[in-house]
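To be precise, the following lines are my_file_18.csv, and they hold CSV, C-alpha atoms and all ligand atoms.
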```csv
chain,number,residue,atom,x,y,z
P,65,MET,CA,30.9,138.8,20.2
P,66,ALA,CA,27.9,138.0,22.4
P,67,ILE,CA,25.8,141.0,23.1
P,68,LYS,CA,23.1,140.6,25.7
P,69,SER,CA,19.5,141.5,25.1
P,70,ASP,CA,17.9,143.8,27.5
P,71,VAL,CA,15.9,141.0,29.0
P,72,GLU,CA,19.0,139.0,29.8
P,73,LYS,CA,20.6,142.1,31.3
P,74,ILE,CA,17.5,142.6,33.5
P,75,LYS,CA,17.5,139.0,34.6
P,76,ASP,CA,21.1,139.3,35.6
P,77,ALA,CA,20.4,142.5,37.4
P,78,VAL,CA,17.4,141.0,39.2
P,79,SER,CA,19.6,138.1,40.4
P,80,GLU,CA,22.2,140.4,41.8
P,81,GLU,CA,21.7,139.6,45.5
P,82,PRO,CA,24.5,140.1,48.0
P,83,THR,CA,25.2,136.4,48.2
P,84,ASP,CA,28.2,134.3,47.4
P,85,GLU,CA,26.5,133.1,44.2
P,86,VAL,CA,26.8,136.6,42.8
P,87,LYS,CA,30.5,136.2,42.5
P,88,ASP,CA,30.0,133.5,39.8
P,89,VAL,CA,27.5,135.6,37.9
P,90,GLY,CA,29.9,138.5,38.1
P,91,GLU,CA,32.7,136.4,36.6
P,92,ILE,CA,30.6,135.0,33.8
P,93,LYS,CA,29.7,138.5,32.9
P,94,LYS,CA,33.3,139.6,32.5
P,95,SER,CA,33.8,138.4,29.0
P,96,GLU,CA,30.2,138.9,27.8
P,97,ASN,CA,30.2,142.5,29.0
P,98,GLU,CA,33.0,143.5,26.7
P,99,GLU,CA,32.0,146.6,25.0
P,100,PRO,CA,31.4,146.6,21.2
P,101,LYS,CA,33.9,148.8,19.4
P,102,LEU,CA,33.2,151.2,16.6
P,103,THR,CA,35.4,149.3,14.3
P,104,ASP,CA,33.0,146.3,14.6
P,105,LEU,CA,30.7,148.3,12.3
P,106,PRO,CA,30.6,148.0,8.6
P,107,GLY,CA,32.5,150.9,6.8
P,108,ILE,CA,34.2,152.0,10.0
P,109,GLY,CA,37.9,151.2,9.9
P,110,PRO,CA,40.6,152.4,12.3
P,111,ALA,CA,41.1,155.6,10.5
P,112,VAL,CA,37.4,156.5,10.5
P,113,SER,CA,37.2,155.5,14.1
P,114,ALA,CA,40.0,157.8,15.0
P,115,LYS,CA,38.3,160.6,13.2
P,116,LEU,CA,35.1,159.9,15.2
P,117,GLU,CA,37.0,159.9,18.4
P,118,ASN,CA,38.4,163.3,17.6
P,119,ALA,CA,34.8,164.4,17.1
P,120,GLY,CA,33.9,163.1,20.6
P,121,VAL,CA,32.2,159.9,19.4
P,122,TYR,CA,33.9,157.2,21.4
P,123,ASP,CA,31.3,154.5,21.9
P,124,MET,CA,28.6,152.7,20.0
P,125,MET,CA,25.8,154.4,21.8
P,126,SER,CA,27.0,157.8,20.8
P,127,LEU,CA,27.1,156.7,17.2
P,128,ALA,CA,23.7,154.9,17.3
P,129,VAL,CA,21.9,158.1,18.2
P,130,MET,CA,23.4,160.2,15.4
P,131,THR,CA,21.7,161.0,12.1
P,132,PRO,CA,23.4,159.8,8.8
P,133,ALA,CA,24.1,163.4,7.7
P,134,ILE,CA,25.9,164.2,11.0
P,135,LEU,CA,27.8,161.0,11.0
P,136,SER,CA,28.8,161.3,7.4
P,137,ASP,CA,30.1,164.8,8.2
P,138,ALA,CA,32.0,163.8,11.3
P,139,ALA,CA,33.5,160.6,9.8
P,140,GLY,CA,34.1,161.7,6.3
P,141,VAL,CA,32.2,158.8,4.8
P,142,SER,CA,29.2,158.8,2.4
P,143,GLU,CA,25.7,159.1,3.8
P,144,ALA,CA,24.9,155.6,2.6
P,145,VAL,CA,27.9,154.2,4.6
P,146,ALA,CA,26.9,156.3,7.6
P,147,ARG,CA,23.3,155.0,7.4
P,148,LYS,CA,24.5,151.4,7.3
P,149,ALA,CA,26.8,151.9,10.3
P,150,ILE,CA,24.0,153.5,12.3
P,151,GLN,CA,21.6,150.7,11.6
P,152,ALA,CA,24.2,148.1,12.5
P,153,SER,CA,25.0,149.8,15.8
P,154,ARG,CA,21.3,150.0,16.7
P,155,ASN,CA,21.0,146.3,16.0
P,156,ILE,CA,24.0,145.5,18.1
P,157,LEU,CA,22.8,147.6,21.0
P,158,ASN,CA,19.3,146.2,20.6
P,159,LEU,CA,17.8,149.7,20.5
P,160,GLY,CA,14.2,150.0,19.6
P,161,PHE,CA,10.8,149.1,21.0
P,162,VAL,CA,10.3,146.6,23.7
P,163,ASP,CA,6.9,145.1,24.2
P,164,GLY,CA,4.7,145.9,27.2
P,165,THR,CA,5.6,142.9,29.3
P,166,GLU,CA,9.3,143.5,28.8
P,167,TYR,CA,8.9,147.1,29.8
P,168,ALA,CA,6.9,146.2,32.8
P,169,ARG,CA,9.5,143.6,33.9
P,170,LYS,CA,12.2,146.3,33.6
P,171,ARG,CA,10.2,148.7,35.8
P,172,GLU,CA,9.6,145.9,38.4
P,173,SER,CA,13.3,145.4,38.8
P,174,VAL,CA,13.8,149.0,39.7
P,175,ASN,CA,14.7,149.6,43.4
P,176,TYR,CA,14.6,152.7,45.5
P,177,ILE,CA,16.6,154.3,48.2
P,178,THR,CA,14.9,156.6,50.7
P,179,THR,CA,16.3,160.1,51.1
P,180,GLY,CA,15.2,160.0,54.8
P,181,SER,CA,12.5,162.5,54.2
P,182,LYS,CA,9.0,161.6,53.2
P,183,ASN,CA,8.5,164.9,51.5
P,184,PHE,CA,11.7,164.5,49.5
P,185,ASN,CA,10.7,160.9,48.5
P,186,ASP,CA,7.3,162.1,47.4
P,187,LEU,CA,9.0,164.7,45.2
P,188,LEU,CA,10.8,161.9,43.5
P,189,GLY,CA,7.7,159.8,42.9
P,190,GLY,CA,7.2,158.3,46.4
P,191,LYS,CA,10.1,156.1,47.4
P,192,GLY,CA,13.3,158.1,46.9
P,193,VAL,CA,16.1,157.9,44.3
P,194,GLU,CA,15.7,155.0,41.9
P,195,SER,CA,17.9,152.5,40.2
P,196,ARG,CA,18.6,152.7,36.5
P,197,SER,CA,18.5,156.5,36.6
P,198,ILE,CA,20.7,159.4,37.5
P,199,THR,CA,19.5,161.8,40.1
P,200,GLU,CA,21.2,165.2,39.9
P,201,ALA,CA,21.2,167.7,42.7
P,202,PHE,CA,22.4,171.2,41.9
P,203,GLY,CA,22.5,174.2,44.1
P,204,ALA,CA,24.7,176.8,45.7
P,205,PHE,CA,27.5,176.1,48.2
P,206,GLY,CA,26.0,174.8,51.5
P,207,SER,CA,22.6,174.0,50.0
P,208,GLY,CA,22.8,170.3,51.1
P,209,LYS,CA,23.9,168.4,48.1
P,210,THR,CA,26.6,166.5,49.9
P,211,GLN,CA,24.4,165.9,52.9
P,212,VAL,CA,21.8,164.3,50.8
P,213,GLY,CA,24.5,162.1,49.3
P,214,LEU,CA,25.9,161.0,52.7
P,215,THR,CA,22.3,160.2,53.9
P,216,LEU,CA,21.7,158.1,50.8
P,217,ALA,CA,25.1,156.3,51.3
P,218,VAL,CA,23.8,155.1,54.7
P,219,ASN,CA,20.2,154.4,53.6
P,220,VAL,CA,21.1,152.2,50.6
P,221,GLN,CA,22.3,149.7,53.2
P,222,LEU,CA,18.9,149.3,54.8
P,223,PRO,CA,16.7,146.3,53.9
P,224,VAL,CA,14.2,146.8,51.2
P,225,ASP,CA,11.2,147.1,53.6
P,226,LYS,CA,13.0,149.9,55.4
P,227,GLY,CA,13.5,151.9,52.3
P,228,GLY,CA,16.9,150.7,51.3
P,229,SER,CA,18.3,148.4,48.6
P,230,ASN,CA,20.3,146.1,50.9
P,231,GLY,CA,23.4,147.1,49.0
P,232,LYS,CA,26.7,149.0,49.3
P,233,CYS,CA,27.7,152.4,48.1
P,234,VAL,CA,30.6,153.8,46.0
P,235,PHE,CA,31.3,157.5,46.8
P,236,ILE,CA,33.6,159.3,44.3
P,237,ASP,CA,34.7,162.4,46.1
P,238,THR,CA,36.2,165.1,43.9
P,239,GLU,CA,36.1,167.8,46.6
P,240,GLY,CA,37.6,166.0,49.6
P,241,THR,CA,34.4,166.6,51.5
P,242,PHE,CA,33.5,163.0,52.5
P,243,ARG,CA,33.3,162.9,56.3
P,244,PRO,CA,33.5,159.4,57.9
P,245,SER,CA,32.4,161.0,61.2
P,246,ARG,CA,29.3,162.4,59.7
P,247,VAL,CA,28.4,159.0,58.1
P,248,LYS,CA,28.8,157.4,61.5
P,249,GLN,CA,26.6,160.0,63.1
P,250,ILE,CA,23.8,159.5,60.6
P,251,ALA,CA,24.1,155.7,61.0
P,252,GLU,CA,23.9,155.9,64.7
P,253,THR,CA,20.7,157.9,64.7
P,254,LEU,CA,19.2,155.3,62.5
P,255,GLY,CA,20.2,152.7,65.0
P,256,ALA,CA,22.7,151.0,62.7
P,257,ASN,CA,26.3,149.9,63.6
P,258,PRO,CA,28.4,152.9,62.5
P,259,GLU,CA,31.5,150.9,61.8
P,260,LYS,CA,29.7,148.4,59.6
P,261,VAL,CA,27.9,151.2,57.7
P,262,LEU,CA,31.2,152.9,57.0
P,263,LYS,CA,32.8,149.7,55.8
P,264,ASN,CA,30.0,149.3,53.2
P,265,ILE,CA,30.9,152.7,51.6
P,266,PHE,CA,33.8,152.6,49.2
P,267,VAL,CA,35.3,156.0,49.0
P,268,ALA,CA,37.7,157.2,46.3
P,269,ARG,CA,39.1,160.6,45.9
P,270,ALA,CA,39.3,161.7,42.3
P,271,PHE,CA,42.1,164.1,41.7
P,272,ASN,CA,41.3,165.3,38.3
P,273,SER,CA,38.7,164.6,35.5
P,274,ASP,CA,40.8,161.8,34.0
P,275,HIS,CA,41.1,160.1,37.3
P,276,GLN,CA,37.3,160.6,37.8
P,277,ILE,CA,36.7,158.9,34.5
P,278,LEU,CA,39.1,156.0,35.3
P,279,LEU,CA,37.4,155.3,38.6
P,280,LEU,CA,34.2,154.3,36.8
P,281,ASP,CA,36.0,151.3,35.3
P,282,LYS,CA,37.0,150.4,38.8
P,283,VAL,CA,33.4,150.5,39.9
P,284,SER,CA,32.3,148.1,37.1
P,285,GLU,CA,35.2,145.8,38.0
P,286,MET,CA,34.1,145.7,41.7
P,287,ILE,CA,30.5,144.9,40.7
P,288,ARG,CA,31.8,142.1,38.4
P,289,ASN,CA,33.8,140.8,41.4
P,290,GLY,CA,30.6,140.4,43.3
P,291,GLU,CA,30.3,143.6,45.4
P,292,PRO,CA,26.6,144.3,45.7
P,293,ILE,CA,26.9,148.0,44.9
P,294,LYS,CA,23.5,149.6,44.6
P,295,LEU,CA,24.4,153.3,44.8
P,296,LEU,CA,27.0,155.3,43.0
P,297,ILE,CA,27.6,158.9,44.1
P,298,ILE,CA,29.7,161.4,42.3
P,299,ASP,CA,30.3,164.5,44.4
P,300,SER,CA,30.8,166.7,42.4
P,301,LEU,CA,30.2,165.6,38.9
P,302,THR,CA,31.3,168.8,37.3
P,303,ALA,CA,33.9,170.5,39.5
P,304,HIS,CA,37.0,169.0,37.8
P,305,PHE,CA,35.6,169.5,34.3
P,306,ARG,CA,34.8,173.0,35.1
P,307,ALA,CA,38.2,173.8,36.5
P,308,GLU,CA,40.2,172.1,33.8
P,309,PHE,CA,38.2,173.5,30.9
P,310,SER,CA,37.7,177.0,32.0
P,311,GLY,CA,38.4,179.0,28.8
P,312,ARG,CA,35.6,180.1,26.6
P,313,GLY,CA,37.1,178.2,23.7
P,314,GLN,CA,37.2,175.0,25.7
P,315,LEU,CA,33.5,174.7,26.3
P,316,ALA,CA,32.9,172.3,23.5
P,317,ASP,CA,35.7,170.0,24.7
P,318,ARG,CA,34.4,170.1,28.2
P,319,GLN,CA,30.9,169.2,27.1
P,320,GLN,CA,32.2,166.4,25.0
P,321,LYS,CA,34.1,164.9,27.8
P,322,LEU,CA,31.3,165.4,30.2
P,323,ASN,CA,28.8,163.9,27.8
P,324,ARG,CA,30.9,160.8,27.4
P,325,TYR,CA,31.2,160.5,31.2
P,326,ILE,CA,27.4,160.8,31.7
P,327,HIS,CA,26.8,158.2,29.0
P,328,HIS,CA,29.1,155.9,30.9
P,329,LEU,CA,27.2,156.6,34.2
P,330,MET,CA,23.9,155.8,32.5
P,331,LYS,CA,25.3,152.5,31.2
P,332,ILE,CA,26.5,151.5,34.6
P,333,ALA,CA,23.1,152.4,36.1
P,334,GLU,CA,21.3,150.4,33.5
P,335,THR,CA,23.5,147.4,33.3
P,336,HIS,CA,23.9,146.9,37.1
P,337,ASN,CA,20.4,148.2,38.1
P,338,LEU,CA,21.9,150.7,40.5
P,339,ALA,CA,21.1,154.3,41.4
P,340,VAL,CA,23.4,157.1,40.5
P,341,TYR,CA,23.4,160.3,42.5
P,342,VAL,CA,25.5,163.2,41.3
P,343,THR,CA,25.9,166.8,42.6
P,344,ASN,CA,26.5,169.8,40.5
P,345,GLN,CA,27.5,173.4,41.2
P,346,VAL,CA,25.6,176.4,39.9
P,347,MET,CA,26.9,179.4,38.1
P,348,ALA,CA,25.4,182.9,37.9
P,349,ASN,CA,23.5,183.3,34.7
P,350,PRO,CA,23.5,186.9,33.8
P,351,ALA,CA,21.1,186.3,31.0
P,352,GLN,CA,18.3,185.3,33.3
P,353,LEU,CA,16.4,188.3,34.6
P,354,PHE,CA,13.7,186.8,36.8
P,355,GLY,CA,13.7,184.1,39.4
P,356,ASP,CA,16.8,182.5,40.8
P,357,PRO,CA,19.7,183.6,38.6
P,358,THR,CA,21.6,180.4,38.7
P,359,THR,CA,22.2,177.7,36.1
P,360,ALA,CA,23.6,174.2,36.5
P,361,ILE,CA,27.1,173.7,35.2
P,362,GLY,CA,27.3,171.6,32.0
P,363,GLY,CA,24.0,172.9,30.7
P,364,HIS,CA,21.6,170.8,28.8
P,365,ILE,CA,23.7,167.7,28.4
P,366,VAL,CA,23.7,167.0,32.1
P,367,GLY,CA,20.1,168.0,32.2
P,368,HIS,CA,18.9,165.6,29.6
P,369,ALA,CA,20.7,162.7,30.9
P,370,SER,CA,19.6,162.9,34.5
P,371,THR,CA,16.2,161.3,35.0
P,372,TYR,CA,15.6,163.5,38.1
P,373,ARG,CA,17.0,167.0,38.5
P,374,ILE,CA,16.6,168.6,41.8
P,375,TYR,CA,17.5,172.2,42.6
P,376,LEU,CA,18.4,172.7,46.3
P,377,ARG,CA,18.4,175.9,48.2
P,378,ARG,CA,18.5,177.1,51.8
P,379,SER,CA,15.3,178.7,53.1
P,380,LYS,CA,13.8,180.2,56.2
P,381,GLN,CA,14.7,179.0,59.7
P,382,GLY,CA,17.2,176.5,58.7
P,383,SER,CA,14.8,174.7,56.3
P,384,ARG,CA,15.8,173.7,52.8
P,385,VAL,CA,13.8,173.6,49.6
P,386,ALA,CA,14.1,170.9,47.0
P,387,LYS,CA,12.5,171.6,43.6
P,388,LEU,CA,12.1,169.0,40.9
P,389,ILE,CA,12.8,170.3,37.5
P,390,ASP,CA,12.0,169.1,34.0
P,391,SER,CA,10.9,165.6,35.0
P,392,PRO,CA,9.5,163.6,32.0
P,393,ASN,CA,6.9,161.9,34.2
P,394,LEU,CA,6.4,163.9,37.4
P,395,PRO,CA,5.1,167.5,37.9
P,396,ASP,CA,7.5,170.2,38.7
P,397,ASN,CA,7.1,170.6,42.4
P,398,GLU,CA,8.9,171.7,45.5
P,399,ILE,CA,9.1,170.6,49.1
P,400,ILE,CA,10.7,171.5,52.4
P,401,PHE,CA,13.2,169.4,54.2
P,402,TYR,CA,15.9,169.8,56.9
P,403,VAL,CA,19.4,168.6,57.5
P,404,THR,CA,20.0,167.5,61.1
P,405,GLU,CA,22.3,165.1,63.0
P,406,ALA,CA,20.1,162.4,61.5
P,407,GLY,CA,20.9,163.5,57.9
P,408,VAL,CA,18.0,164.4,55.7
P,409,VAL,CA,14.6,164.6,57.5
P,410,ASP,CA,11.1,166.1,57.3
P,411,GLU,CA,11.2,168.2,60.4
P,412,ALA,CA,14.0,169.8,62.5
N,501,LIG,P1,29.1,172.6,48.4
N,501,LIG,O1,29.7,171.2,48.3
N,501,LIG,O2,30.0,173.5,49.1
N,501,LIG,O3,28.7,173.1,47.0
N,501,LIG,O4,27.8,172.5,49.3
N,501,LIG,P2,26.8,171.3,49.5
N,501,LIG,O5,25.5,171.7,48.8
N,501,LIG,O6,27.4,170.0,49.3
N,501,LIG,O7,26.5,171.5,51.1
N,501,LIG,P3,26.5,170.4,52.2
N,501,LIG,O8,25.6,169.3,51.8
N,501,LIG,O9,27.9,170.2,52.6
N,501,LIG,O10,25.7,171.2,53.3
N,501,LIG,C1,26.4,171.8,54.4
N,501,LIG,C2,25.3,172.2,55.4
N,501,LIG,O11,24.7,171.1,55.9
N,501,LIG,C3,25.9,172.9,56.5
N,501,LIG,O12,26.0,174.3,56.3
N,501,LIG,C4,24.9,172.6,57.6
N,501,LIG,O13,23.9,173.5,57.6
N,501,LIG,C5,24.4,171.3,57.3
N,501,LIG,N1,25.1,170.2,58.1
N,501,LIG,C6,26.2,169.5,57.8
N,501,LIG,N2,26.5,168.7,58.8
N,501,LIG,C7,25.5,168.8,59.7
N,501,LIG,C8,25.3,168.2,61.0
N,501,LIG,O14,26.0,167.4,61.4
N,501,LIG,N3,24.2,168.6,61.7
N,501,LIG,C9,23.4,169.6,61.2
N,501,LIG,N4,22.3,170.0,61.9
N,501,LIG,N5,23.6,170.2,60.0
N,501,LIG,C10,24.6,169.8,59.3
N,502,MG,MG,29.3,169.4,48.8
```
Write out the structure in this file as structure tokens.
Ligand code: GTP
Ligand code: MG
Amino acid sequence: MAIKSDVEKIKDAVSEEPTDEVKDVGEIKKSENEEPKLTDLPGIGPAVSAKLENAGVYDMMSLAVMTPAILSDAAGVSEAVARKAIQASRNILNLGFVDGTEYARKRESVNYITTGSKNFNDLLGGKGVESRSITEAFGAFGSGKTQVGLTLAVNVQLPVDKGGSNGKCVFIDTEGTFRPSRVKQIAETLGANPEKVLKNIFVARAFNSDHQILLLDKVSEMIRNGEPIKLLIIDSLTAHFRAEFSGRGQLADRQQKLNRYIHHLMKIAETHNLAVYVTNQVMANPAQLFGDPTTAIGGHIVGHASTYRIYLRRSKQGSRVAKLIDSPNLPDNEIIFYVTEAGVVDEA
């Protein structure tokens, strides 16, 4: 099985322009992109693989980041076998260090989508949400999570020099809150053709968590077929998972499923050099005594995977506050923005 090196993947991603040629690239990728299976690893047969699946380890990336002791425990194999399997998976996935030039090349290929607000862009490092990462917005009902998503869905279509990525958007709607009329309104205030803008947004309603999961495969398929998708929105990431796994005893199952889903999102973001924007509800956290007593659903698994986490809340005189949380490379900071007819903006 041909596994692509990171460099090759980046080259492919860089060449993903919305031209007819992309179609060919997409089709070539089809066979090469086939995912390595756990049973490709030494010491992992179908029975062990099934055991691992029961333990929530479905793909090679999940196995590659385990320790031998934990894998040995989960798979019922010796630590020596576990160590070999982990090493093999890391080789297959090409994990490890990349040299400086390769790293720089990877950074260069990152593209950005403006939020519509300079303040908000600055919060995210200057240019808006970025490709190859997940940006998570969490906050209470009405805080603006969906509005940010709809604005991004329009802005991704702008040319690069206008703050867009010259690409299309996939909007996975779990809540039934996607509003075509609102998209058209935002597009119109930008001076864009509302019908055209709407046509470049592929909307799918996800009816339950399994459906939500299946839709990701559909997205990969669309990209392979040449659609220049540069933004993937999941609104909301967690609502179905939360509703379906509501009992206390189901928390581990929910996290496992959510973890796997987020892994999948990260892989799509990385492989296709696209930006992922997800929204997340908050729940009251009775353990927290000071500050805002709300915590994102899904806890640390969602938190660690998102490259940018933003907490949104309503503030005085119709303003909204966006606060960046736990960023690995940017200071925790907060800014003020507004939601108007034009979508997300700096001033009302
Ligand atoms: P939930 O999905 O319920 O958790 O909330 P959310 O965070 O997604 O909220 P959403 O982004 O839907 O924000 C809704 C708010 O955006 C409304 O209460 C309005 O204040 C504002 N809003 C939505 N549409 C418009 C519009 O056309 N014009 C203006 N000025 N504000 C709008
Ligand atoms: Mg919403």
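Remark: for Arg243 in chain P, the closest of the candidate residues P:Asn264, P:Asn397, P:Ser273, P:Thr210 is P:Thr210 (distances computed over only C-alpha atoms).
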**Prompt:** Of the candidates P:Ala111, P:Leu254, P:Ile298, P:Ile177, which shows the shortest atom-to-atom distance to ligand MG 502 (chain N), using all atoms listed in the file?
**Reply:** P:Ile298
**Prompt:** Contacts of Val267 in chain P at 8 Å or less, counting only C-alpha atoms, minus same-chain residues fewer than 3 places along, as a PyMOL selection string?
**Reply:** chain P and resi 234-237
**Asked** Neighbours of ligand MG 502 (chain N) within 7 Å, counting all atoms listed in the file, as a PyMOL selection string?
**Response** chain P and resi 205-206+208-210+241+299
**Request:** Would you work out the distance separating CA of Gln314 in chain P from atom P2 of ligand LIG 501 (chain N), expressed in Å to one decimal?
**Result:** 26.2 Å
Residues of chain P that have any atom at most 9 Å from an atom of ligand LIG 501 (chain N): could you tabulate them with the shortest-distance atom pair and the distance in Å to one decimal, using all atoms listed in the file, ordered by chain and increasing number, as CSV?
```
residue,atom,partner,partner_atom,distance
P:Ala201,CA,N:LIG501,O5,8.5
P:Phe202,CA,N:LIG501,O5,7.6
P:Gly203,CA,N:LIG501,O5,6.1
P:Ala204,CA,N:LIG501,O3,5.6
P:Phe205,CA,N:LIG501,O3,3.4
P:Gly206,CA,N:LIG501,O7,3.4
P:Ser207,CA,N:LIG501,O5,3.9
P:Gly208,CA,N:LIG501,O8,3.1
P:Lys209,CA,N:LIG501,O5,3.7
P:Thr210,CA,N:LIG501,O8,3.5
P:Gln211,CA,N:LIG501,O8,3.8
P:Val212,CA,N:LIG501,O8,6.4
P:Gly213,CA,N:LIG501,O8,7.7
P:Leu214,CA,N:LIG501,O8,8.4
P:Glu239,CA,N:LIG501,O1,7.4
P:Thr241,CA,N:LIG501,O1,7.3
P:Arg246,CA,N:LIG501,O14,6.2
P:Gln249,CA,N:LIG501,O14,7.6
P:Ile250,CA,N:LIG501,O14,8.2
P:Asp299,CA,N:LIG501,O1,7.8
P:Ser300,CA,N:LIG501,O1,7.5
P:Thr343,CA,N:LIG501,O6,7.6
P:Asn344,CA,N:LIG501,O3,7.6
P:Gln345,CA,N:LIG501,O3,5.9
P:Val346,CA,N:LIG501,O3,8.4
P:Leu376,CA,N:LIG501,O5,7.6
P:Arg377,CA,N:LIG501,O5,8.3
P:Arg378,CA,N:LIG501,O13,8.7
P:Gly382,CA,N:LIG501,O13,7.4
P:Tyr402,CA,N:LIG501,N4,8.1
P:Val403,CA,N:LIG501,N5,5.1
P:Thr404,CA,N:LIG501,N4,3.5
P:Glu405,CA,N:LIG501,N3,4.2
P:Ala406,CA,N:LIG501,N3,7.4
P:Gly407,CA,N:LIG501,C8,7.1
P:Ala412,CA,N:LIG501,N4,8.3
```
Which residues of range 233-327 of chain P sit at most 9 Å from range 187-199 of chain P, using only C-alpha atoms? Give each one's shortest atom pair and distance in Å (one decimal place), in chain and ascending residue order, as a Markdown table.
```
| residue | atom | partner | partner_atom | distance |
| --- | --- | --- | --- | --- |
| P:Lys294 | CA | P:Ser195 | CA | 7.7 |
| P:Leu295 | CA | P:Ser195 | CA | 8.0 |
| P:Ile326 | CA | P:Ile198 | CA | 9.0 |
```
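Shortest atom-to-atom contact with Phe184 in chain P among P:Leu222, P:Leu394, P:Val385, P:Val141: P:Val385, counting only C-alpha atoms.
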